[in-house]
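A quick write-up on the structure given underneath.
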Amino acid sequence: PNLTSKPSYLFQKSHKRQPSDSQEFKEITKRDAFISLDHDLQHIISTEPDEQKRETTKKEIEGFKKLYLRFLSEKGPSVIWDKIEKLPEDAVRDYNTLETPNSEKITQMLNKLVVVKLNGGLGTSMGCHGPKSVISVRNELSFLDLTVQQLEHLNKTYNTNVPLVLMNSFNTDDDIQKIIRKYKGLQVEIYTFNQSCYPRINRESLLPIAKDANVHKNLEAWYPPGHGDFYESFSNSGLLQKFVSQGFEYCFLSNIDNLGATVDVNILNFLNSCSSPPEFVMEVTDKTRSDVKGGTLIQYENKLRLLEIAQVPKEHVDEFKSIKKFKFFNTNNLWVKLDAIERVLKGDLNLEIIVNNKTIDKNVNVIQLETAVGAAMKNFNRGLGINVPRSRFLPVKKTSDLMLVMSNLYSMKNGSLVMSPQRMFPTTPFIKLGDNHFAKVCSIH
């Protein structure tokens with residue numbers, strides 16, 4: 001046997017029973033791997049000369065170690081397939097049954113809302129440098145411009161002060177800070193905070209790629225650990241406590257590249273009209289053939305939770321993709337009660353770990369452990385899905401999506417895209433551009 005290769009137990013959760021001596025060997029190997037890793041991480045912390053930054057680095061490394069230890073100790077799938085229950089009748093509410101409030105009520109509700117955009121991604125997959133949110137979408141306006149325009153229109157129309165919060169990453173923060181200066185004169189208060197910065201681990205040695213705490217010296221050695229990091233980073237920034245103390249009640253959270261994720265007053269009204277308001281609402285929409293890989297809502301151990309394809313045992317992947325069994329998929333538009341976030345953070349969120357294998361410069365294989373923001377649903381009370389129209393899910397992940405939103409199928413209205421009434425179908429057309437020639441934004445202009 002090849003004893004120099006990576007210990008495979010770390011990357012595949014085995015269902016076979018191992019003989020006890022083999023098991024013991026693995027446990028010792030795991031323990032040794034973690035001791036070496038911990039030694040390197042402590043060294044990385046010690047190389048940060050600035051005392052304040054050292055404290056931040058230490059806090060983030062502690063968060064990473066917690067995630068890594070869970071990753072080492074978890075055995076078997078995170079969901080036992082046969083324990084998935086049928087969604088209860090009242091688990092998903094139909095958007096069309098929601099009422100539209102009057103403008104006086106809208107003003108009251110908006111004054112208690114915070115809008116959060118997940119803004120940590122780069123535009124590299126579309127051939128652009130810098131943050132994805134500054135890519136021009138329409139009329140030379142970027143994702144960020146459109147978001148600010150929407151909120152300013154809302155604040156002016158209803159005489160409110162809905163703040164915009166951007167969750168940046170170490171990859172996007174410097175550029176974003178320069179760009180948001182241009183919005184100073186507008187009627188939108190903008191706040192930013194950074195999600196954590198975790199070390200990438202070499203897949204062979206199981207040790208960090210980074211040699212010191214200077215992130216910008218070797219960007220490839222670090223990664224933002226997915227948007228599941230939102231809750232703790234938002235709290236660590238002090239913004240969560242600030243908004244709760246100012247009387248804000250809900251945050252509306254979405255990906256900045258989803259152009260359909262606008263503030264919806266009907267959903268907001270529903271949240272504010274319930275006798276016992278839901279703490280966590282996930283907007284879902286009907287699954288089509290192009291969404292089969294998207295996360296779905298399930299009932300599990302008497303609670304609603306998100307099920308991602310990465311959690312599905314191989315033998316059940318086709319079932320997961322079926323439109324019959326799992327009718328909805330997660331748009332990642334979430335409405336979450338702020339004081340409930342404070343409460344759940346007192347315990348352990350235990351978000352399912354997504355293992356992302358990557359290859360960086362010089363063909364070095366790395367692993368990065370990530371979590372998803374929707375996975376926290378299981379920690380909240382009175383979780384609910386709302387089946388929204390497809391128009392609330394308009395993500396721009398590829399140049400084919402960009403071509404769609406730039407086309408005459410849509411018109412712009414106060415920063416929001418509105419589909420042409422001449423379109424006979426509620427769904428969007430399916431566009432496929434050849435990756436070899438049209439993967440980059442510059443190639444489709």
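In the structure tokens, each chain is lettered A, B, ... as it comes, each chain's residues begin at 1, and ligands are numbered from 1 in order of appearance.
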At a cut-off of 8 Å, using only C-alpha atoms, what residues contact A:Pro77? Leave out same-chain residues fewer than 2 positions from it and give the result as a list in words. Lys13, Lys75, Val79, Ile80, Gln311, Val312 and Pro313 of chain A
Write down as a list of chain:residue names the residues belonging to stretch 90-147 of chain A that are assigned strand (DSSP E or B) by DSSP computed on the backbone. A:Val92, A:Arg93, A:Asp94, A:Leu113, A:Val114, A:Val115, A:Val116, A:Lys117, A:Leu118, A:Leu122, A:Pro131, A:Ser136, A:Val137, A:Arg138, A:Leu141, A:Ser142
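Within the 6 Å cut-off around A:Ile44, using only C-alpha atoms and omitting residues fewer than 3 positions from it on the same chain, the listed residues are Leu41, Thr47, Asp212 and Ala213 of chain A.
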Counting only C-alpha atoms, which residues of stretch 18-119 of chain A sit at most 10 Å from some atom of stretch 358-371 of chain A, and what is each one's closest atom pair with its distance in Å to one decimal, listed by chain and rising residue number, as a tab-separated table?
residue	atom	partner	partner_atom	distance
A:Phe64	CA	A:Leu369	CA	8.6
A:Leu67	CA	A:Leu369	CA	7.5
A:Tyr68	CA	A:Leu369	CA	7.5
A:Phe71	CA	A:Leu369	CA	8.2
Write a file of the just-selected residues containing C-alpha atoms, as a PDB file, in the first residue's frame.
ATOM      1  CA  PHE A  64     -11.275  27.643  12.246  1.00  0.00           C
ATOM      2  CA  LEU A  67     -14.641  23.771  12.529  1.00  0.00           C
ATOM      3  CA  TYR A  68     -11.619  21.604  11.761  1.00  0.00           C
ATOM      4  CA  PHE A  71     -14.568  17.881  10.575  1.00  0.00           C
TER       5      PHE A  71
END
* Residues of stretch 239-417 of chain A in alpha helix (DSSP H), written as a count of residues only -> 36
| query | Which polymer residues have any atom within 10 Å of an atom of A:Met412, counting only C-alpha atoms, with same-chain residues fewer than 4 positions away left out, as a list in words? | reply | Arg138, Asn139, Leu146, Val405, Ser416, Leu417, Val418 and Met419 of chain A
Output file for the selection above: C-alpha atoms, as a PDB file, in the first residue's frame:
ATOM      1  CA  ARG A 138     -27.090  47.394 -17.001  1.00  0.00           C
ATOM      2  CA  ASN A 139     -26.811  51.034 -18.083  1.00  0.00           C
ATOM      3  CA  LEU A 146     -28.532  48.780  -8.217  1.00  0.00           C
ATOM      4  CA  VAL A 405     -30.347  40.597 -17.628  1.00  0.00           C
ATOM      5  CA  SER A 416     -35.000  46.804  -9.909  1.00  0.00           C
ATOM      6  CA  LEU A 417     -35.312  44.690 -13.030  1.00  0.00           C
ATOM      7  CA  VAL A 418     -38.830  44.170 -14.341  1.00  0.00           C
ATOM      8  CA  MET A 419     -39.597  41.471 -16.906  1.00  0.00           C
TER       9      MET A 419
END
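Atom CA of A:Asn387 sits 7.3 Å away from atom CA of A:Asp286.
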Show me, as JSON lines, the residues of stretch 139-236 of chain A having an atom within 6 Å of stretch 112-134 of chain A, each with the closest atom pair and its distance in Å, using only C-alpha atoms.
{"residue": "A:Ser142", "atom": "CA", "partner": "A:Val134", "partner_atom": "CA", "distance": 5.0}
{"residue": "A:Phe143", "atom": "CA", "partner": "A:Ser133", "partner_atom": "CA", "distance": 4.9}
{"residue": "A:Leu144", "atom": "CA", "partner": "A:Ser133", "partner_atom": "CA", "distance": 5.4}
{"residue": "A:Val162", "atom": "CA", "partner": "A:Val114", "partner_atom": "CA", "distance": 5.9}
{"residue": "A:Pro163", "atom": "CA", "partner": "A:Val114", "partner_atom": "CA", "distance": 5.5}
{"residue": "A:Leu164", "atom": "CA", "partner": "A:Val115", "partner_atom": "CA", "distance": 5.0}
{"residue": "A:Val165", "atom": "CA", "partner": "A:Val116", "partner_atom": "CA", "distance": 4.6}
{"residue": "A:Leu166", "atom": "CA", "partner": "A:Lys117", "partner_atom": "CA", "distance": 5.1}
{"residue": "A:Met167", "atom": "CA", "partner": "A:Leu118", "partner_atom": "CA", "distance": 5.1}
{"residue": "A:Asn168", "atom": "CA", "partner": "A:Gly120", "partner_atom": "CA", "distance": 4.4}
{"residue": "A:Ser169", "atom": "CA", "partner": "A:Gly120", "partner_atom": "CA", "distance": 4.5}
{"residue": "A:Thr172", "atom": "CA", "partner": "A:Pro131", "partner_atom": "CA", "distance": 5.1}
Restrict the selected residues to N, CA and C atoms and save them as a short mmCIF file (atom, residue, chain, number, x, y, z; two decimals), in the first residue's frame.
data_model
loop_
_atom_site.label_atom_id
_atom_site.label_comp_id
_atom_site.auth_asym_id
_atom_site.auth_seq_id
_atom_site.Cartn_x
_atom_site.Cartn_y
_atom_site.Cartn_z
N SER A 142 -23.59 48.82 -11.59
CA SER A 142 -23.14 47.53 -11.05
C SER A 142 -24.19 46.94 -10.11
N PHE A 143 -23.94 45.70 -9.65
CA PHE A 143 -24.82 45.07 -8.65
C PHE A 143 -24.98 45.99 -7.44
N LEU A 144 -23.84 46.58 -7.02
CA LEU A 144 -23.85 47.43 -5.83
C LEU A 144 -24.64 48.71 -6.09
N VAL A 162 -33.88 52.55 6.00
CA VAL A 162 -33.46 51.15 5.97
C VAL A 162 -31.95 51.12 5.69
N PRO A 163 -31.15 50.63 6.64
CA PRO A 163 -29.70 50.61 6.40
C PRO A 163 -29.30 49.43 5.51
N LEU A 164 -28.19 49.61 4.80
CA LEU A 164 -27.61 48.54 3.99
C LEU A 164 -26.34 48.06 4.67
N VAL A 165 -26.25 46.75 4.88
CA VAL A 165 -25.05 46.15 5.50
C VAL A 165 -24.41 45.23 4.48
N LEU A 166 -23.12 45.44 4.22
CA LEU A 166 -22.40 44.59 3.27
C LEU A 166 -21.46 43.66 4.03
N MET A 167 -21.61 42.36 3.82
CA MET A 167 -20.64 41.44 4.40
C MET A 167 -19.56 41.20 3.35
N ASN A 168 -18.41 41.84 3.55
CA ASN A 168 -17.28 41.71 2.63
C ASN A 168 -16.36 40.57 3.09
N SER A 169 -15.36 40.29 2.26
CA SER A 169 -14.32 39.35 2.67
C SER A 169 -12.99 40.08 2.54
N THR A 172 -12.45 41.42 -0.91
CA THR A 172 -13.23 42.51 -1.52
C THR A 172 -13.23 43.81 -0.71
#
Neighbour list for A:Lys346 as a tab-separated table (two decimals) with all heavy atoms, in the first residue's frame, cut-off 12 Å, only C-alpha atoms, skip fewer than 4 positions in-chain:
chain	number	residue	atom	x	y	z
A	231	TYR	N	-23.37	34.80	10.78
A	231	TYR	CA	-23.93	35.05	12.12
A	231	TYR	C	-22.86	35.49	13.11
A	231	TYR	O	-23.01	36.51	13.79
A	231	TYR	CB	-24.66	33.79	12.63
A	231	TYR	CG	-25.71	33.31	11.66
A	231	TYR	CD1	-25.44	32.25	10.77
A	231	TYR	CD2	-26.96	33.92	11.58
A	231	TYR	CE1	-26.38	31.83	9.85
A	231	TYR	CE2	-27.92	33.50	10.66
A	231	TYR	CZ	-27.61	32.46	9.79
A	231	TYR	OH	-28.54	32.06	8.86
A	232	GLU	N	-21.77	34.72	13.17
A	232	GLU	CA	-20.73	35.04	14.16
A	232	GLU	C	-19.97	36.30	13.78
A	232	GLU	O	-19.66	37.12	14.64
A	232	GLU	CB	-19.79	33.84	14.32
A	232	GLU	CG	-20.56	32.66	14.90
A	232	GLU	CD	-19.72	31.60	15.56
A	232	GLU	OE1	-18.49	31.76	15.56
A	232	GLU	OE2	-20.30	30.62	16.05
A	235	SER	N	-22.09	39.36	14.53
A	235	SER	CA	-22.10	39.60	15.98
A	235	SER	C	-20.76	40.15	16.45
A	235	SER	O	-20.69	41.14	17.18
A	235	SER	CB	-22.43	38.29	16.70
A	235	SER	OG	-22.38	38.49	18.09
A	339	ASP	N	-33.00	39.43	17.22
A	339	ASP	CA	-32.78	39.01	18.61
A	339	ASP	C	-32.65	37.48	18.71
A	339	ASP	O	-32.01	36.96	19.62
A	339	ASP	CB	-33.85	39.56	19.56
A	339	ASP	CG	-35.27	39.12	19.18
A	339	ASP	OD1	-35.43	38.39	18.18
A	339	ASP	OD2	-36.22	39.52	19.88
A	340	ALA	N	-33.24	36.78	17.74
A	340	ALA	CA	-33.11	35.32	17.72
A	340	ALA	C	-31.68	34.91	17.33
A	340	ALA	O	-31.16	33.91	17.81
A	340	ALA	CB	-34.11	34.71	16.74
A	341	ILE	N	-31.03	35.72	16.47
A	341	ILE	CA	-29.62	35.44	16.13
A	341	ILE	C	-28.78	35.55	17.39
A	341	ILE	O	-27.94	34.69	17.67
A	341	ILE	CB	-29.08	36.42	15.05
A	341	ILE	CG1	-29.84	36.26	13.72
A	341	ILE	CG2	-27.58	36.19	14.81
A	341	ILE	CD1	-29.42	37.24	12.63
A	342	GLU	N	-29.03	36.59	18.17
A	342	GLU	CA	-28.30	36.76	19.44
A	342	GLU	C	-28.47	35.52	20.32
A	342	GLU	O	-27.52	35.04	20.92
A	342	GLU	CB	-28.83	37.99	20.20
A	342	GLU	CG	-28.27	39.31	19.71
A	342	GLU	CD	-28.54	40.44	20.69
A	342	GLU	OE1	-29.69	40.59	21.15
A	342	GLU	OE2	-27.61	41.19	21.00
A	379	ASN	N	-31.64	25.85	13.85
A	379	ASN	CA	-31.41	26.39	15.20
A	379	ASN	C	-32.49	27.37	15.65
A	379	ASN	O	-32.52	27.76	16.81
A	379	ASN	CB	-30.05	27.11	15.25
A	379	ASN	CG	-28.90	26.16	15.01
A	379	ASN	OD1	-28.60	25.32	15.85
A	379	ASN	ND2	-28.27	26.26	13.85
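Rounded to one decimal, atom CA of A:Leu338 and atom CA of A:Tyr250 lie 5.4 Å from each other.
Among the candidate residues A:Leu154, A:Ile190, A:Val441, A:Ala210, the one lying nearest to A:Val396 is A:Val441, with distances computed using only C-alpha atoms.
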Hey, what's within 12 Å of stretch 431-434 of chain A if we count only C-alpha atoms and toss same-chain stuff fewer than 2 positions away? As a PDB file with N, CA and C atoms, in the first residue's frame, please?
ATOM      1  N   SER A 290     -33.131  22.988 -14.367  1.00  0.00           N
ATOM      2  CA  SER A 290     -31.809  23.644 -14.240  1.00  0.00           C
ATOM      3  C   SER A 290     -31.433  23.897 -12.774  1.00  0.00           C
ATOM      4  N   LYS A 398     -22.917  33.438 -14.361  1.00  0.00           N
ATOM      5  CA  LYS A 398     -22.117  33.258 -15.585  1.00  0.00           C
ATOM      6  C   LYS A 398     -22.462  34.352 -16.579  1.00  0.00           C
ATOM      7  N   THR A 399     -21.672  34.420 -17.645  1.00  0.00           N
ATOM      8  CA  THR A 399     -21.934  35.450 -18.657  1.00  0.00           C
ATOM      9  C   THR A 399     -23.292  35.219 -19.341  1.00  0.00           C
ATOM     10  N   SER A 400     -23.756  33.968 -19.389  1.00  0.00           N
ATOM     11  CA  SER A 400     -25.075  33.706 -20.000  1.00  0.00           C
ATOM     12  C   SER A 400     -26.184  34.379 -19.180  1.00  0.00           C
ATOM     13  N   ASP A 401     -26.015  34.396 -17.844  1.00  0.00           N
ATOM     14  CA  ASP A 401     -26.985  35.083 -16.977  1.00  0.00           C
ATOM     15  C   ASP A 401     -26.911  36.589 -17.202  1.00  0.00           C
ATOM     16  N   LEU A 402     -25.682  37.079 -17.390  1.00  0.00           N
ATOM     17  CA  LEU A 402     -25.484  38.516 -17.597  1.00  0.00           C
ATOM     18  C   LEU A 402     -26.137  38.948 -18.901  1.00  0.00           C
ATOM     19  N   MET A 403     -25.989  38.110 -19.929  1.00  0.00           N
ATOM     20  CA  MET A 403     -26.587  38.416 -21.232  1.00  0.00           C
ATOM     21  C   MET A 403     -28.105  38.536 -21.103  1.00  0.00           C
ATOM     22  N   LEU A 404     -28.684  37.650 -20.285  1.00  0.00           N
ATOM     23  CA  LEU A 404     -30.134  37.654 -20.062  1.00  0.00           C
ATOM     24  C   LEU A 404     -30.587  38.973 -19.427  1.00  0.00           C
ATOM     25  N   VAL A 405     -29.893  39.387 -18.341  1.00  0.00           N
ATOM     26  CA  VAL A 405     -30.347  40.597 -17.628  1.00  0.00           C
ATOM     27  C   VAL A 405     -30.014  41.876 -18.384  1.00  0.00           C
ATOM     28  N   SER A 407     -30.485  42.026 -21.614  1.00  0.00           N
ATOM     29  CA  SER A 407     -31.324  41.994 -22.820  1.00  0.00           C
ATOM     30  C   SER A 407     -32.592  42.834 -22.646  1.00  0.00           C
ATOM     31  N   THR A 428     -37.692  32.320 -17.277  1.00  0.00           N
ATOM     32  CA  THR A 428     -36.736  33.006 -18.146  1.00  0.00           C
ATOM     33  C   THR A 428     -36.240  32.034 -19.209  1.00  0.00           C
ATOM     34  N   PRO A 429     -35.853  32.539 -20.388  1.00  0.00           N
ATOM     35  CA  PRO A 429     -35.329  31.630 -21.416  1.00  0.00           C
ATOM     36  C   PRO A 429     -34.002  31.031 -20.966  1.00  0.00           C
ATOM     37  N   ASN A 436     -15.676  28.123 -23.776  1.00  0.00           N
ATOM     38  CA  ASN A 436     -14.358  28.368 -24.393  1.00  0.00           C
ATOM     39  C   ASN A 436     -14.229  29.789 -24.943  1.00  0.00           C
ATOM     40  N   HIS A 437     -15.340  30.340 -25.414  1.00  0.00           N
ATOM     41  CA  HIS A 437     -15.261  31.653 -26.063  1.00  0.00           C
ATOM     42  C   HIS A 437     -15.948  32.772 -25.284  1.00  0.00           C
ATOM     43  N   PHE A 438     -16.910  32.418 -24.462  1.00  0.00           N
ATOM     44  CA  PHE A 438     -17.724  33.482 -23.860  1.00  0.00           C
ATOM     45  C   PHE A 438     -17.769  33.458 -22.332  1.00  0.00           C
ATOM     46  N   ALA A 439     -16.752  32.885 -21.697  1.00  0.00           N
ATOM     47  CA  ALA A 439     -16.776  32.793 -20.227  1.00  0.00           C
ATOM     48  C   ALA A 439     -16.516  34.141 -19.569  1.00  0.00           C
ATOM     49  N   LYS A 440     -15.857  35.063 -20.296  1.00  0.00           N
ATOM     50  CA  LYS A 440     -15.478  36.342 -19.699  1.00  0.00           C
ATOM     51  C   LYS A 440     -16.436  37.453 -20.114  1.00  0.00           C
ATOM     52  N   VAL A 441     -16.633  38.394 -19.201  1.00  0.00           N
ATOM     53  CA  VAL A 441     -17.571  39.499 -19.442  1.00  0.00           C
ATOM     54  C   VAL A 441     -17.205  40.256 -20.721  1.00  0.00           C
ATOM     55  N   SER A 443     -16.043  39.287 -23.377  1.00  0.00           N
ATOM     56  CA  SER A 443     -16.310  38.559 -24.626  1.00  0.00           C
ATOM     57  C   SER A 443     -17.768  38.685 -25.087  1.00  0.00           C
ATOM     58  N   ILE A 444     -18.652  39.184 -24.218  1.00  0.00           N
ATOM     59  CA  ILE A 444     -20.059  39.236 -24.659  1.00  0.00           C
ATOM     60  C   ILE A 444     -20.505  40.671 -24.945  1.00  0.00           C
TER      61      ILE A 444
END
Mind checking which residues fall within 12 Å of A:Pro421, counting only C-alpha atoms, ignoring those fewer than 2 positions away in the same chain, and posting them as a PDB file with C-alpha atoms, in the first residue's frame?
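Written file, around.pdb:
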ATOM      1  CA  ASN A 408     -34.588  43.771 -23.694  1.00  0.00           C
ATOM      2  CA  LEU A 409     -36.452  41.074 -21.759  1.00  0.00           C
ATOM      3  CA  TYR A 410     -35.987  43.369 -18.748  1.00  0.00           C
ATOM      4  CA  SER A 411     -36.446  47.057 -18.098  1.00  0.00           C
ATOM      5  CA  VAL A 418     -38.830  44.170 -14.341  1.00  0.00           C
ATOM      6  CA  MET A 419     -39.597  41.471 -16.906  1.00  0.00           C
ATOM      7  CA  ARG A 423     -42.927  37.678 -22.469  1.00  0.00           C
ATOM      8  CA  MET A 424     -45.596  34.966 -22.618  1.00  0.00           C
ATOM      9  CA  PHE A 425     -44.034  32.711 -19.970  1.00  0.00           C
ATOM     10  CA  PRO A 426     -43.175  33.480 -16.334  1.00  0.00           C
TER      11      PRO A 426
END
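As for atom CA of A:Cys251 and atom CA of A:Gln52, they are spaced 29.2 Å apart.
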